[in-house]
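Engineer: One structure, pasted below without further comment.
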Amino acid sequence: MDVKKINDLFKQDLVIINMGLESFAENLRREEVRVLQMDWRPPAGGDQKLVSLLAKLGR
Amino acid sequence: MKAKMEEANQEAASRILKGKPTLIDISTAGEAIPEMKKNMILHAGPPVTWDRMCGPMRGAIMGGLMLEGMADNKEEAEELAASGDIVFEPCHHHSSVGPMAGVVTWSMPVWVIENRTFGTRAHCTLNEGLGKVLRYGAFSKDVIDRLKWMAEELTPILRKALLGHGEIDMKTLISQALQMGDEGHNRNRAGTSLLIRELAPHIVLLDEDREKISKVLAFLHANDHFFLNLTMPSCKCTVDAAADIEGSSVIVTMARNGTDFGIRVSGLGDRWFTGPAGTVDGLYLPGFSAEDAARDIGDSVITETAGIGGFAMAAAPAIVKFVGGSARDALNFTRQMYEITVTENDSYQIPGLDFRGTPTAIDLVKVVETGILPAINTGIAHKEPGVGMVGAGLVKPPEKCFHDALEAFVEKYGD
């Protein structure tokens, strides 16, 4: 892994896009890091019955 | 199945886009509506029995019975409505739509709209205005007197003017109204103005008393919602052409009766899927609050089903002064609806989104998959019969009807 690239990245002024739990974004905001929270949720809200119905339609 | 479903949905969306709703006449319910009967009252939403009807729907039915001379007062009307002698059926079962309570009786005047591409027809009563009106459940003498004036003076004048003008291309009028800040459901100021521009030159030429003509023009001018009862049947005959397509998961009906919210899906025929009607988050008229509100009611959500109304709120930022929220919310409602629709409208466009077409043809599968529910704006009726309008706002449909419909869809078409 190119560690230098990662180190260079963190030396920049970061804008983070958070996909998933919003609490991750909140923690960064508290550290005054700019964060965009993506409006994302699992398919069918994670409801297993609905997910299996959707699978029967090839989704 | 996925490819077959996508093909069927493209066909459904294509039929919606090709629709050409055209105002061809004003008639009466008894003459124009298929299988209408003198002892029948049509109502909004999915089927509902008298004992399960909400207050405003009961109020509108009592008013309808008084209008028809079948009852002299509230008590007589209530007794007759509960007697079993009156047949209650949804407007949607009779090629019709009705705002709020959606009550249609035999003698009421109705707009007749025909989809010139597919031949489907739809009907809707004439809009009475806001406030204390029948469709919001009011039935006092002034409400009944206004309805009689609409049947006896307003309608004949409008009909003669329409004959003089010739049929009106509703798709063009709605497209223009969207360019002028309407969305076709709860903001119809531009559409109403455009209709007046079409008809006024023919109204003033009629051999009618000048006072009567002035009263008609003043009534149209004072009622920003007059055009709603034209956008609704325009949307109904447009979307009806997309019904009954084998394998299509496009939603072709959304409607509420104040007790239940119901949907019908193209590939599942006439079957309704229902859930409890929601409570409306809105702005209230002075003297009223959320405690006074009936639950979500009316067939006017046919506008959202066809890709305008709440789906076109980005075209109508000023609507938030009526239904609540911010101009940014109006923009975001429309943007989000692209996630659950099959296509973008090629006629109904939004200036504020660089003339992007409105999100059109709601896909049941996408609704369940994303968890994004259709955005609906609506008027709010008082929960008790006899009062009328108390506000307007935004409402979400119940998830249950979409989940049940998906289950039935998979049962019929799933691998």
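Residue numbering restarts at 1 in every chain; chains get A, B, ... in the order shown in the structure tokens, and ligands count up from 1 in that same order.
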Considering only C-alpha atoms, return as number ranges by chain whatever protein or nucleic-acid residues lie within 6 Å of Arg121 of chain B, sequence-local ones (same chain, fewer than 2 positions apart) excluded.
Structural biologist: B: 113-114, 237
Engineer: Take the residues just selected and output them with N, CA and C atoms as a PDB file, in the first residue's frame.
Structural biologist:
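again17.pdb was written with the following content:
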ATOM      1  N   ILE B 113     -63.949  14.814 -19.977  1.00  0.00           N
ATOM      2  CA  ILE B 113     -62.617  14.881 -20.585  1.00  0.00           C
ATOM      3  C   ILE B 113     -62.357  13.573 -21.322  1.00  0.00           C
ATOM      4  N   GLU B 114     -61.874  13.661 -22.541  1.00  0.00           N
ATOM      5  CA  GLU B 114     -61.553  12.448 -23.296  1.00  0.00           C
ATOM      6  C   GLU B 114     -60.075  12.443 -23.658  1.00  0.00           C
ATOM      7  N   CYS B 237     -58.099  10.176 -17.092  1.00  0.00           N
ATOM      8  CA  CYS B 237     -58.228   9.507 -18.397  1.00  0.00           C
ATOM      9  C   CYS B 237     -56.851   9.224 -19.007  1.00  0.00           C
TER      10      CYS B 237
END
Engineer: Considering only C-alpha atoms, return as a list of chain:residue names whatever protein or nucleic-acid residues lie within 8 Å of segment 81-95 of chain B, sequence-local ones (same chain, fewer than 3 positions apart) excluded.
Structural biologist: B:Ile33, B:Pro34, B:Glu35, B:Met36, B:Asn39, B:Met40, B:Ile41, B:Leu42, B:His43, B:Ala44, B:Gly45, B:Pro46, B:Pro47, B:Val48, B:Thr49, B:Trp50, B:Asp51, B:Ile61, B:Met62, B:Ala77, B:Glu78, B:Gly98, B:Gly102, B:Val104, B:Arg121, B:Ala122, B:His123, B:Lys236, B:Cys237
Engineer: When DSSP works through the backbone of this structure, what residues of chain A end up as strand (DSSP E), shown as a ChimeraX atom specification?
Structural biologist: /A:15-18,34-37
Engineer: Hey, could you make a per-residue contact list for chain A against chain B with 10 Å as the cut-off, showing the nearest pair of atoms and its distance in Å to one decimal, counting only C-alpha atoms, sorted by chain and number, as a Markdown table?
Structural biologist:
| residue | atom | partner | partner_atom | distance |
| --- | --- | --- | --- | --- |
| A:Trp40 | CA | B:Thr370 | CA | 8.9 |
| A:Arg41 | CA | B:Thr370 | CA | 7.5 |
| A:Pro42 | CA | B:Thr370 | CA | 7.8 |
| A:Pro43 | CA | B:Glu369 | CA | 5.0 |
| A:Ala44 | CA | B:Glu369 | CA | 4.4 |
| A:Gly45 | CA | B:Gly371 | CA | 6.3 |
| A:Gly46 | CA | B:Glu369 | CA | 9.4 |
| A:Asp47 | CA | B:Glu369 | CA | 9.8 |
| A:Lys49 | CA | B:Glu407 | CA | 9.5 |
| A:Leu50 | CA | B:His403 | CA | 7.5 |
| A:Val51 | CA | B:Glu369 | CA | 7.9 |
| A:Leu53 | CA | B:Val410 | CA | 6.4 |
| A:Leu54 | CA | B:Val365 | CA | 7.5 |
| A:Ala55 | CA | B:Gly414 | CA | 8.7 |
| A:Lys56 | CA | B:Gly414 | CA | 5.1 |
| A:Leu57 | CA | B:Gly414 | CA | 5.3 |
| A:Gly58 | CA | B:Lys2 | CA | 5.4 |
| A:Arg59 | CA | B:Lys2 | CA | 7.3 |
Engineer: If DSSP is run on the backbone, what residues of chain A are alpha helix (DSSP H)? A reply as a ChimeraX atom specification would be ideal.
Structural biologist: /A:3-11,22-30,48-55
Engineer: Can you write out the residues you just picked, keeping N, CA, C and O atoms, as a tab-separated table (two decimals), in the first residue's frame?
Structural biologist:
chain	number	residue	atom	x	y	z
A	3	VAL	N	1.61	4.28	1.41
A	3	VAL	CA	1.28	5.03	2.63
A	3	VAL	C	1.43	6.52	2.40
A	3	VAL	O	0.69	7.33	2.98
A	4	LYS	N	2.37	6.88	1.52
A	4	LYS	CA	2.60	8.32	1.27
A	4	LYS	C	1.32	8.99	0.75
A	4	LYS	O	0.95	10.07	1.18
A	5	LYS	N	0.67	8.28	-0.17
A	5	LYS	CA	-0.56	8.85	-0.76
A	5	LYS	C	-1.61	9.10	0.32
A	5	LYS	O	-2.30	10.12	0.33
A	6	ILE	N	-1.71	8.13	1.23
A	6	ILE	CA	-2.71	8.27	2.31
A	6	ILE	C	-2.32	9.45	3.21
A	6	ILE	O	-3.16	10.28	3.59
A	7	ASN	N	-1.03	9.53	3.54
A	7	ASN	CA	-0.59	10.63	4.40
A	7	ASN	C	-0.82	11.99	3.72
A	7	ASN	O	-1.25	12.95	4.37
A	8	ASP	N	-0.55	12.02	2.39
A	8	ASP	CA	-0.78	13.27	1.65
A	8	ASP	C	-2.26	13.66	1.70
A	8	ASP	O	-2.60	14.83	1.85
A	9	LEU	N	-3.11	12.64	1.57
A	9	LEU	CA	-4.56	12.90	1.60
A	9	LEU	C	-4.96	13.57	2.91
A	9	LEU	O	-5.70	14.55	2.93
A	10	PHE	N	-4.46	13.06	3.99
A	10	PHE	CA	-4.88	13.60	5.29
A	10	PHE	C	-4.24	14.94	5.62
A	10	PHE	O	-4.62	15.59	6.59
A	11	LYS	N	-3.27	15.35	4.81
A	11	LYS	CA	-2.70	16.68	5.01
A	11	LYS	C	-3.57	17.75	4.35
A	11	LYS	O	-3.42	18.93	4.59
A	22	GLU	N	-25.34	7.61	10.44
A	22	GLU	CA	-25.16	9.06	10.49
A	22	GLU	C	-24.29	9.48	11.66
A	22	GLU	O	-23.68	10.56	11.65
A	23	SER	N	-24.20	8.61	12.68
A	23	SER	CA	-23.40	8.98	13.87
A	23	SER	C	-21.92	9.17	13.48
A	23	SER	O	-21.20	9.96	14.11
A	24	PHE	N	-21.45	8.45	12.43
A	24	PHE	CA	-20.07	8.66	11.97
A	24	PHE	C	-19.89	10.10	11.50
A	24	PHE	O	-18.89	10.75	11.80
A	25	ALA	N	-20.89	10.59	10.77
A	25	ALA	CA	-20.83	11.98	10.27
A	25	ALA	C	-20.89	12.97	11.42
A	25	ALA	O	-20.17	13.97	11.44
A	26	GLU	N	-21.74	12.67	12.41
A	26	GLU	CA	-21.88	13.58	13.56
A	26	GLU	C	-20.56	13.72	14.32
A	26	GLU	O	-20.18	14.82	14.75
A	27	ASN	N	-19.85	12.59	14.48
A	27	ASN	CA	-18.55	12.64	15.19
A	27	ASN	C	-17.57	13.56	14.45
A	27	ASN	O	-16.85	14.34	15.08
A	28	LEU	N	-17.57	13.44	13.11
A	28	LEU	CA	-16.66	14.29	12.33
A	28	LEU	C	-17.05	15.76	12.41
A	28	LEU	O	-16.19	16.63	12.52
A	29	ARG	N	-18.36	16.00	12.38
A	29	ARG	CA	-18.85	17.40	12.48
A	29	ARG	C	-18.38	18.01	13.79
A	29	ARG	O	-18.00	19.18	13.85
A	30	ARG	N	-18.41	17.21	14.86
A	30	ARG	CA	-17.96	17.72	16.17
A	30	ARG	C	-16.48	18.11	16.13
A	30	ARG	O	-16.03	18.98	16.87
A	48	GLN	N	-36.57	-8.16	5.85
A	48	GLN	CA	-36.18	-9.41	5.18
A	48	GLN	C	-37.30	-10.00	4.32
A	48	GLN	O	-37.05	-10.54	3.25
A	49	LYS	N	-38.52	-9.85	4.78
A	49	LYS	CA	-39.66	-10.40	4.00
A	49	LYS	C	-39.77	-9.66	2.66
A	49	LYS	O	-39.91	-10.27	1.60
A	50	LEU	N	-39.67	-8.33	2.74
A	50	LEU	CA	-39.76	-7.54	1.50
A	50	LEU	C	-38.56	-7.80	0.59
A	50	LEU	O	-38.70	-7.88	-0.63
A	51	VAL	N	-37.39	-7.94	1.19
A	51	VAL	CA	-36.18	-8.20	0.40
A	51	VAL	C	-36.34	-9.51	-0.36
A	51	VAL	O	-35.99	-9.61	-1.55
A	52	SER	N	-36.89	-10.54	0.29
A	52	SER	CA	-37.05	-11.83	-0.40
A	52	SER	C	-38.12	-11.73	-1.48
A	52	SER	O	-38.02	-12.38	-2.53
A	53	LEU	N	-39.16	-10.90	-1.26
A	53	LEU	CA	-40.16	-10.71	-2.32
A	53	LEU	C	-39.52	-10.02	-3.53
A	53	LEU	O	-39.74	-10.42	-4.68
A	54	LEU	N	-38.73	-8.99	-3.27
A	54	LEU	CA	-38.06	-8.28	-4.36
A	54	LEU	C	-37.12	-9.21	-5.13
A	54	LEU	O	-37.01	-9.11	-6.36
A	55	ALA	N	-36.47	-10.12	-4.41
A	55	ALA	CA	-35.54	-11.06	-5.07
A	55	ALA	C	-36.28	-11.93	-6.08
A	55	ALA	O	-35.73	-12.30	-7.12
Engineer: Using only C-alpha atoms, can you tell me which of B:Trp106, B:Phe402, B:Trp111, B:Phe139 comes closest to Leu162 of chain B?
Structural biologist: B:Trp111
Engineer: Please list as a PyMOL selection string every residue within 10 Å of Asp39 of chain A, counting only C-alpha atoms and excluding residues in the same chain fewer than 5 positions away.
Structural biologist: chain A and resi 18-20+22
Engineer: Mind checking which residues fall within 8 Å of Gly388 of chain B, counting only C-alpha atoms, ignoring those fewer than 2 positions away in the same chain, and posting them as an NGL selection string?
Structural biologist: :B and (56 or 131-138 or 381-382 or 385-386 or 390)
Engineer: Would you output that residue set with N, CA, C and O atoms, as a short mmCIF file (atom, residue, chain, number, x, y, z; two decimals), in the first residue's frame?
Structural biologist:
data_model
loop_
_atom_site.label_atom_id
_atom_site.label_comp_id
_atom_site.auth_asym_id
_atom_site.auth_seq_id
_atom_site.Cartn_x
_atom_site.Cartn_y
_atom_site.Cartn_z
N PRO B 56 -66.45 14.22 7.16
CA PRO B 56 -66.68 15.04 5.97
C PRO B 56 -67.35 14.29 4.82
O PRO B 56 -68.14 14.87 4.07
N GLY B 131 -63.17 26.62 1.54
CA GLY B 131 -63.89 27.00 2.76
C GLY B 131 -65.08 26.10 3.04
O GLY B 131 -64.96 24.87 3.09
N LYS B 132 -66.23 26.73 3.19
CA LYS B 132 -67.44 25.99 3.56
C LYS B 132 -68.12 25.48 2.29
O LYS B 132 -68.96 26.17 1.70
N VAL B 133 -67.72 24.31 1.85
CA VAL B 133 -68.20 23.74 0.58
C VAL B 133 -68.49 22.25 0.77
O VAL B 133 -67.96 21.62 1.68
N LEU B 134 -69.31 21.70 -0.13
CA LEU B 134 -69.78 20.32 0.02
C LEU B 134 -68.63 19.32 0.07
O LEU B 134 -68.64 18.39 0.88
N ARG B 135 -67.64 19.49 -0.80
CA ARG B 135 -66.61 18.45 -0.89
C ARG B 135 -65.79 18.35 0.40
O ARG B 135 -65.11 17.36 0.65
N TYR B 136 -65.83 19.40 1.23
CA TYR B 136 -65.17 19.36 2.54
C TYR B 136 -66.15 18.96 3.65
O TYR B 136 -65.83 19.06 4.82
N GLY B 137 -67.35 18.57 3.27
CA GLY B 137 -68.30 18.03 4.25
C GLY B 137 -69.36 19.01 4.74
O GLY B 137 -70.17 18.67 5.59
N ALA B 138 -69.39 20.25 4.21
CA ALA B 138 -70.39 21.23 4.64
C ALA B 138 -71.69 21.03 3.85
O ALA B 138 -71.66 20.62 2.68
N ALA B 381 -59.97 18.68 5.61
CA ALA B 381 -61.37 18.89 5.98
C ALA B 381 -61.52 18.78 7.49
O ALA B 381 -60.72 18.10 8.16
N HIS B 382 -62.56 19.43 8.05
CA HIS B 382 -62.87 19.25 9.46
C HIS B 382 -63.37 17.82 9.67
O HIS B 382 -64.05 17.26 8.81
N PRO B 385 -68.93 16.27 10.29
CA PRO B 385 -69.72 16.69 9.14
C PRO B 385 -70.28 18.10 9.32
O PRO B 385 -70.56 18.50 10.46
N GLY B 386 -70.40 18.84 8.22
CA GLY B 386 -71.09 20.12 8.28
C GLY B 386 -70.20 21.34 8.46
O GLY B 386 -70.70 22.46 8.46
N VAL B 390 -60.50 23.23 6.78
CA VAL B 390 -59.79 23.84 7.92
C VAL B 390 -58.33 24.14 7.61
O VAL B 390 -57.65 24.82 8.39
#
Engineer: So how many Å separate atom CA of Asp224 of chain B and atom CA of Pro156 of chain B, to one decimal?
Structural biologist: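 Atom-to-atom, atom CA of Asp224 of chain B to atom CA of Pro156 of chain B, that is 20.8 Å.
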